[in-house]
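*Asks:* Structure in structure tokens, see below.
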Amino acid sequence: MVQPKQAWNISDKKEVWTHEFQHRNWGPILSTAGGLLFAGGTNDRMFRAFDAKSGEVLWDYPTNSGVTAPPSTFTVNGKQYVSVVSGWGVDAERKQGVFRTIIPGYDVHVPQGSVIWTFAGE
């Protein structure tokens with residue numbers, strides 16, 4: 001389980017920025033050549049875009065369920081898109097029951113069901 005998102009400078013091995021979350025976080029990150037990071041993975045169901053250099057949240061969007069799938073990006077007719085699947089699947093309720101017993105303060109309900117979300121770049 002991963003808690004904060006962090007960026008590190010590999011040349012001097014120093015932390016550049018850290019973004020803390022109110023909820024547990026275990027989602028993957030997509031990094032783009034345009035300096036954006038995309039991530040979900042929190043129990044608040046948000047999908048976020050970050051500035052890769054500063055760690056600033058550029059936007060966030062509430063999805064229908066938890067985002068634990070890796071985001072992907074693609075281009076159509078010169079326009080860039082990012083897509084991600086939200087939804088914990090068939091054993092989400094069982095997992096949440098287990099999490100409530102072993103993780104202090106775990107009280108968020110993440111519904112089952114999958115949706116593909118696609119966002120267009122400007």
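FYI, nothing fancy with the structure tokens labels: chains A, B, ... in order, residues from 1 per chain, ligands from 1 as they appear.
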With only C-alpha atoms as the counted atoms, please give the residues lying no more than 7 Å from region 36-48 of chain A, apart from itself and same-chain residues fewer than 2 positions off, as an NGL selection string.

*Replies:* :A and (23-32 or 34 or 50-52 or 57 or 59-68 or 71 or 108 or 110)

*Asks:* Between CA of Val98 (chain A) and CA of Thr18 (chain A), what distance in Å does the model show, to one decimal?

*Replies:*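 Going from CA of Val98 (chain A) over to CA of Thr18 (chain A), I get 28.5 Å.
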
*Asks:* So the first atom is CA of Glu122 (chain A) and the second is CA of Gln80 (chain A); what is the distance between them in Å, to one decimal place?

*Replies:* 8.0 Å

*Asks:* Determine, counting only C-alpha atoms, which protein, DNA and RNA residues have an atom within 6 Å of an atom of Trp17 (chain A); residues of the same chain fewer than 2 positions away are not included. Present the result as a list in words.

*Replies:*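 Counting only the stated atoms, we get Gln6, Ala7 and Glu15 of chain A.
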
*Asks:* From the options A:Val85, A:Leu58, A:Ala69, A:Ile102, which residue's atoms come nearest to Ser114 (chain A), counting only C-alpha atoms?

*Replies:*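 Going through A:Val85, A:Leu58, A:Ala69, A:Ile102 one by one, the smallest distance to Ser114 (chain A) is for A:Val85.
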
*Asks:* Using DSSP secondary structure from the backbone, list all strand (DSSP E or B) positions within chain A, as a PyMOL selection string.

*Replies:* chain A and resi 2+5-9+14-19+25+29-31+36-39+42+46-51+57-62+72-76+79-86+115-120

*Asks:* What's the 8 Å shell around Val82 (chain A), counting only C-alpha atoms, without same-chain residues fewer than 6 positions away, as a PyMOL selection string?

*Replies:* chain A and resi 71-74+118-121

*Asks:* From a backbone DSSP assignment, name each residue in region 30-116 of chain A labelled helix (DSSP H, G or I), as an mmCIF file with C-alpha atoms, in the first residue's frame.

*Replies:*
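Written output follows (selection10.cif):
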data_model
loop_
_atom_site.group_PDB
_atom_site.id
_atom_site.type_symbol
_atom_site.label_atom_id
_atom_site.label_comp_id
_atom_site.auth_asym_id
_atom_site.auth_seq_id
_atom_site.Cartn_x
_atom_site.Cartn_y
_atom_site.Cartn_z
ATOM 1 C CA ALA A 92 -14.680 -5.121 -3.487
ATOM 2 C CA GLU A 93 -17.134 -5.516 -0.630
ATOM 3 C CA ARG A 94 -15.183 -8.412 0.862
ATOM 4 C CA LYS A 95 -11.906 -6.471 0.633
ATOM 5 C CA GLN A 96 -13.442 -3.406 2.243
ATOM 6 C CA GLY A 97 -14.707 -5.537 5.121
ATOM 7 C CA VAL A 98 -11.186 -6.856 5.679
ATOM 8 C CA PHE A 99 -9.681 -3.354 5.380
ATOM 9 C CA ARG A 100 -12.096 -2.024 8.010
ATOM 10 C CA THR A 101 -10.833 -4.605 10.504
ATOM 11 C CA ILE A 102 -7.082 -4.126 9.895
#

*Asks:* Just how far from CA of Val16 (chain A) is CA of Gly35 (chain A), in Å to one decimal?

*Replies:*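 Answer for the CA of Gly35 (chain A) to CA of Val16 (chain A) separation: 14.3 Å.
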